[in-house]
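Trainee: Below you'll find target13.txt; it's compact mmCIF, N, CA and C atoms.
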# COMPACT_ATOMS: atom_id res chain seq x y z
N MET A 181 -5.36 7.58 -0.84
CA MET A 181 -5.39 6.89 -2.10
C MET A 181 -6.61 5.98 -2.11
N THR A 182 -7.30 5.97 -3.22
CA THR A 182 -8.47 5.10 -3.36
C THR A 182 -8.01 3.70 -3.77
N ASN A 183 -8.93 2.76 -3.71
CA ASN A 183 -8.64 1.39 -4.13
C ASN A 183 -8.21 1.36 -5.60
N GLU A 184 -8.91 2.11 -6.45
CA GLU A 184 -8.57 2.14 -7.87
C GLU A 184 -7.19 2.77 -8.11
N GLU A 185 -6.88 3.84 -7.39
CA GLU A 185 -5.55 4.47 -7.51
C GLU A 185 -4.45 3.51 -7.05
N ALA A 186 -4.73 2.75 -5.99
CA ALA A 186 -3.75 1.78 -5.50
C ALA A 186 -3.52 0.67 -6.52
N LYS A 187 -4.60 0.18 -7.14
CA LYS A 187 -4.46 -0.85 -8.18
C LYS A 187 -3.62 -0.33 -9.35
N GLU A 188 -3.88 0.90 -9.75
CA GLU A 188 -3.12 1.52 -10.85
C GLU A 188 -1.64 1.64 -10.48
N ALA A 189 -1.36 2.14 -9.28
CA ALA A 189 0.02 2.28 -8.83
C ALA A 189 0.71 0.92 -8.73
N PHE A 190 -0.03 -0.09 -8.25
CA PHE A 190 0.52 -1.44 -8.13
C PHE A 190 0.82 -2.04 -9.50
N MET A 191 -0.13 -1.97 -10.41
CA MET A 191 0.03 -2.60 -11.72
C MET A 191 1.15 -1.96 -12.55
N HIS A 192 1.35 -0.66 -12.37
CA HIS A 192 2.36 0.06 -13.15
C HIS A 192 3.62 0.38 -12.35
N ARG A 193 3.71 -0.20 -11.15
CA ARG A 193 4.88 -0.06 -10.27
C ARG A 193 5.29 1.41 -10.11
N LYS A 194 4.31 2.25 -9.83
CA LYS A 194 4.55 3.68 -9.64
C LYS A 194 5.05 3.95 -8.22
N PRO A 195 5.93 4.92 -8.05
CA PRO A 195 6.38 5.28 -6.70
C PRO A 195 5.24 5.92 -5.90
N VAL A 196 5.25 5.71 -4.59
CA VAL A 196 4.24 6.26 -3.70
C VAL A 196 4.93 6.87 -2.48
N THR A 197 4.16 7.64 -1.71
CA THR A 197 4.68 8.21 -0.47
C THR A 197 3.83 7.72 0.70
N TYR A 198 4.48 7.62 1.86
CA TYR A 198 3.81 7.22 3.09
C TYR A 198 4.62 7.76 4.25
N GLY A 199 3.99 8.47 5.14
CA GLY A 199 4.68 8.99 6.32
C GLY A 199 5.83 9.91 5.99
N GLY A 200 5.72 10.65 4.89
CA GLY A 200 6.78 11.57 4.50
C GLY A 200 7.95 10.93 3.79
N ARG A 201 7.87 9.65 3.51
CA ARG A 201 8.94 8.94 2.80
C ARG A 201 8.45 8.41 1.47
N GLU A 202 9.38 8.26 0.56
CA GLU A 202 9.05 7.75 -0.77
C GLU A 202 9.39 6.26 -0.84
N TYR A 203 8.51 5.51 -1.48
CA TYR A 203 8.70 4.07 -1.70
C TYR A 203 8.65 3.80 -3.19
N ASP A 204 9.44 2.83 -3.63
CA ASP A 204 9.54 2.53 -5.06
C ASP A 204 8.20 2.14 -5.68
N CYS A 205 7.42 1.35 -4.95
CA CYS A 205 6.13 0.91 -5.46
C CYS A 205 5.36 0.19 -4.37
N ILE A 206 4.12 -0.12 -4.66
CA ILE A 206 3.32 -0.99 -3.80
C ILE A 206 3.64 -2.42 -4.20
N HIS A 207 4.04 -3.23 -3.25
CA HIS A 207 4.43 -4.61 -3.56
C HIS A 207 3.26 -5.59 -3.45
N ALA A 208 2.22 -5.21 -2.72
CA ALA A 208 1.04 -6.07 -2.62
C ALA A 208 -0.14 -5.23 -2.14
N ILE A 209 -1.33 -5.62 -2.56
CA ILE A 209 -2.55 -5.05 -2.02
C ILE A 209 -3.22 -6.16 -1.22
N ILE A 210 -3.58 -5.84 0.02
CA ILE A 210 -4.09 -6.85 0.95
C ILE A 210 -5.55 -6.54 1.27
N TYR A 211 -6.40 -7.53 1.10
CA TYR A 211 -7.81 -7.42 1.45
C TYR A 211 -8.06 -8.35 2.63
N ARG A 212 -8.67 -7.81 3.71
CA ARG A 212 -9.00 -8.65 4.86
C ARG A 212 -10.22 -8.07 5.56
N TYR A 213 -10.85 -8.90 6.36
CA TYR A 213 -12.00 -8.47 7.14
C TYR A 213 -11.58 -8.29 8.60
N ASP A 214 -12.11 -7.25 9.24
CA ASP A 214 -11.86 -7.09 10.67
C ASP A 214 -12.88 -7.92 11.44
N ARG A 215 -12.84 -7.85 12.74
CA ARG A 215 -13.72 -8.71 13.55
C ARG A 215 -15.19 -8.32 13.46
N HIS A 216 -15.47 -7.13 12.89
CA HIS A 216 -16.85 -6.69 12.70
C HIS A 216 -17.32 -6.91 11.26
N ASN A 217 -16.54 -7.68 10.51
CA ASN A 217 -16.85 -8.04 9.13
C ASN A 217 -16.77 -6.87 8.16
N ASN A 218 -15.99 -5.84 8.50
CA ASN A 218 -15.74 -4.72 7.59
C ASN A 218 -14.52 -5.04 6.75
N LEU A 219 -14.59 -4.76 5.47
CA LEU A 219 -13.47 -5.00 4.57
C LEU A 219 -12.41 -3.93 4.79
N ILE A 220 -11.18 -4.35 5.02
CA ILE A 220 -10.03 -3.46 5.20
C ILE A 220 -9.08 -3.69 4.03
N VAL A 221 -8.70 -2.62 3.34
CA VAL A 221 -7.77 -2.72 2.22
C VAL A 221 -6.48 -2.00 2.61
N SER A 222 -5.36 -2.71 2.52
CA SER A 222 -4.06 -2.16 2.88
C SER A 222 -3.07 -2.42 1.75
N ALA A 223 -1.93 -1.76 1.85
CA ALA A 223 -0.87 -1.97 0.86
C ALA A 223 0.42 -2.35 1.58
N GLU A 224 1.19 -3.21 0.94
CA GLU A 224 2.49 -3.61 1.47
C GLU A 224 3.57 -2.79 0.78
N LEU A 225 4.37 -2.10 1.58
CA LEU A 225 5.47 -1.27 1.07
C LEU A 225 6.77 -1.81 1.64
N TRP A 226 7.81 -1.86 0.82
CA TRP A 226 9.13 -2.29 1.27
C TRP A 226 10.04 -1.08 1.35
N ASP A 227 10.89 -1.04 2.37
CA ASP A 227 11.86 0.06 2.39
C ASP A 227 12.91 -0.21 1.31
N ARG A 228 13.63 0.81 0.95
CA ARG A 228 14.56 0.71 -0.19
C ARG A 228 15.75 -0.20 0.07
N HIS A 229 16.01 -0.50 1.33
CA HIS A 229 17.16 -1.34 1.67
C HIS A 229 16.76 -2.78 1.96
N GLY A 230 15.48 -3.06 1.90
CA GLY A 230 15.02 -4.43 2.11
C GLY A 230 15.03 -4.87 3.55
N HIS A 231 15.05 -3.93 4.50
CA HIS A 231 15.12 -4.29 5.90
C HIS A 231 13.76 -4.36 6.59
N SER A 232 12.75 -3.76 5.98
CA SER A 232 11.45 -3.78 6.64
C SER A 232 10.31 -3.76 5.62
N VAL A 233 9.16 -4.21 6.09
CA VAL A 233 7.93 -4.21 5.32
C VAL A 233 6.91 -3.42 6.12
N ILE A 234 6.19 -2.54 5.45
CA ILE A 234 5.17 -1.73 6.10
C ILE A 234 3.83 -2.10 5.50
N ILE A 235 2.84 -2.34 6.36
CA ILE A 235 1.47 -2.55 5.93
C ILE A 235 0.74 -1.25 6.23
N ALA A 236 0.33 -0.54 5.19
CA ALA A 236 -0.25 0.80 5.35
C ALA A 236 -1.68 0.86 4.85
N ASN A 237 -2.50 1.61 5.54
CA ASN A 237 -3.86 1.88 5.10
C ASN A 237 -3.79 2.73 3.83
N LEU A 238 -4.63 2.42 2.86
CA LEU A 238 -4.59 3.15 1.59
C LEU A 238 -4.81 4.65 1.76
N LYS A 239 -5.63 5.04 2.74
CA LYS A 239 -5.91 6.47 2.92
C LYS A 239 -4.67 7.27 3.33
N ASP A 240 -3.64 6.57 3.84
CA ASP A 240 -2.42 7.23 4.28
C ASP A 240 -1.32 7.24 3.22
N ILE A 241 -1.58 6.67 2.06
CA ILE A 241 -0.60 6.59 0.99
C ILE A 241 -0.91 7.64 -0.07
N GLY A 242 0.13 8.27 -0.58
CA GLY A 242 -0.04 9.27 -1.63
C GLY A 242 0.70 8.88 -2.90
N GLU A 243 0.27 9.46 -3.99
CA GLU A 243 0.98 9.25 -5.26
C GLU A 243 2.18 10.17 -5.33
N LYS A 244 3.24 9.70 -5.90
CA LYS A 244 4.45 10.50 -6.08
C LYS A 244 4.32 11.31 -7.33
Just give me the structure as structure tokens.
Mentor:
Amino acid sequence: MTNEEAKEAFMHRKPVTYGGREYDCIHAIIYRYDRHNNLIVSAELWDRHGHSVIIANLKDIGEK
């Protein structure tokens, strides 16, 4: 998923897939720098039961 696709999915609360599982939506988009000053963009996904939070690289997330 690209940054623009992630923003679209986030703003419209679209379901996404990650690791073969479906998630209701992206709950946050996280921008941070690594120790080499490279920008890393990730997404926060919640499981459907509210027991865990996953921080996933955008390239590993798919649109439902």
Trainee: Take atom C of Thr197 of chain A and atom N of Arg212 of chain A and report the distance between them in Å, one decimal.
Mentor: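 Distance between the two atoms: 20.2 Å.
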Trainee: Could you give me the axis-aligned bounding box of segment 222-236 of chain A, with 5 Å of padding per side, as centre plus edge lengths in Å to one decimal, as lines of an AutoDock Vina configuration file?
Mentor:
center_x = 5.9
center_y = -2.0
center_z = 3.2
size_x = 32.5
size_y = 15.7
size_z = 16.8
Trainee: If we count only C-alpha atoms, what is near Lys187 of chain A at a cut-off of 12 Å, once residues fewer than 2 positions away on the same chain are taken out, given as an MDAnalysis selection string?
Mentor: chainID A and resid 181:185 189:194 205:210 221:223 238 243
Trainee: So what do you get for atom C of Glu188 of chain A versus atom N of Ile220 of chain A, distance-wise?
Mentor: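 Atom C of Glu188 of chain A sits 19.2 Å away from atom N of Ile220 of chain A.
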Trainee: Please identify all polymer residues within 8 Å of Tyr198 of chain A, counting all atoms listed in the file, omitting same-chain residues fewer than 6 positions from it, and present them as a list in words.
Mentor: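 In the requested format, the answer is Ala236, Asp240, Ile241, Gly242 and Glu243 of chain A.
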Trainee: May I ask for the distance between atom C of Gly230 of chain A and atom CA of Glu202 of chain A, given in Å to one decimal place?
Mentor: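 Answer for the atom C of Gly230 of chain A to atom CA of Glu202 of chain A separation: 14.6 Å.
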Trainee: Among chain A, which residues does DSSP mark as helix (DSSP H, G or I) when it is run on the backbone? Keep the chain and numbering as in the structure and answer as number ranges by chain.
Mentor: A: 183-191, 238-240
Trainee: To test your reading of the structure, identify every residue in chain A that backbone DSSP assigns to strand (DSSP E), and report it as a ChimeraX atom specification.
Mentor: /A:196-198,201-203,206-213,219-226,233-237,241-243
Trainee: Choose the residue, out of A:Val196, A:Asp204, A:Asp214, A:Glu224, that has the smallest atom-to-atom separation from Asn237 of chain A; count only N, CA and C atoms.
Mentor: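 That would be A:Glu224, the residue with the smallest distance to Asn237 of chain A.
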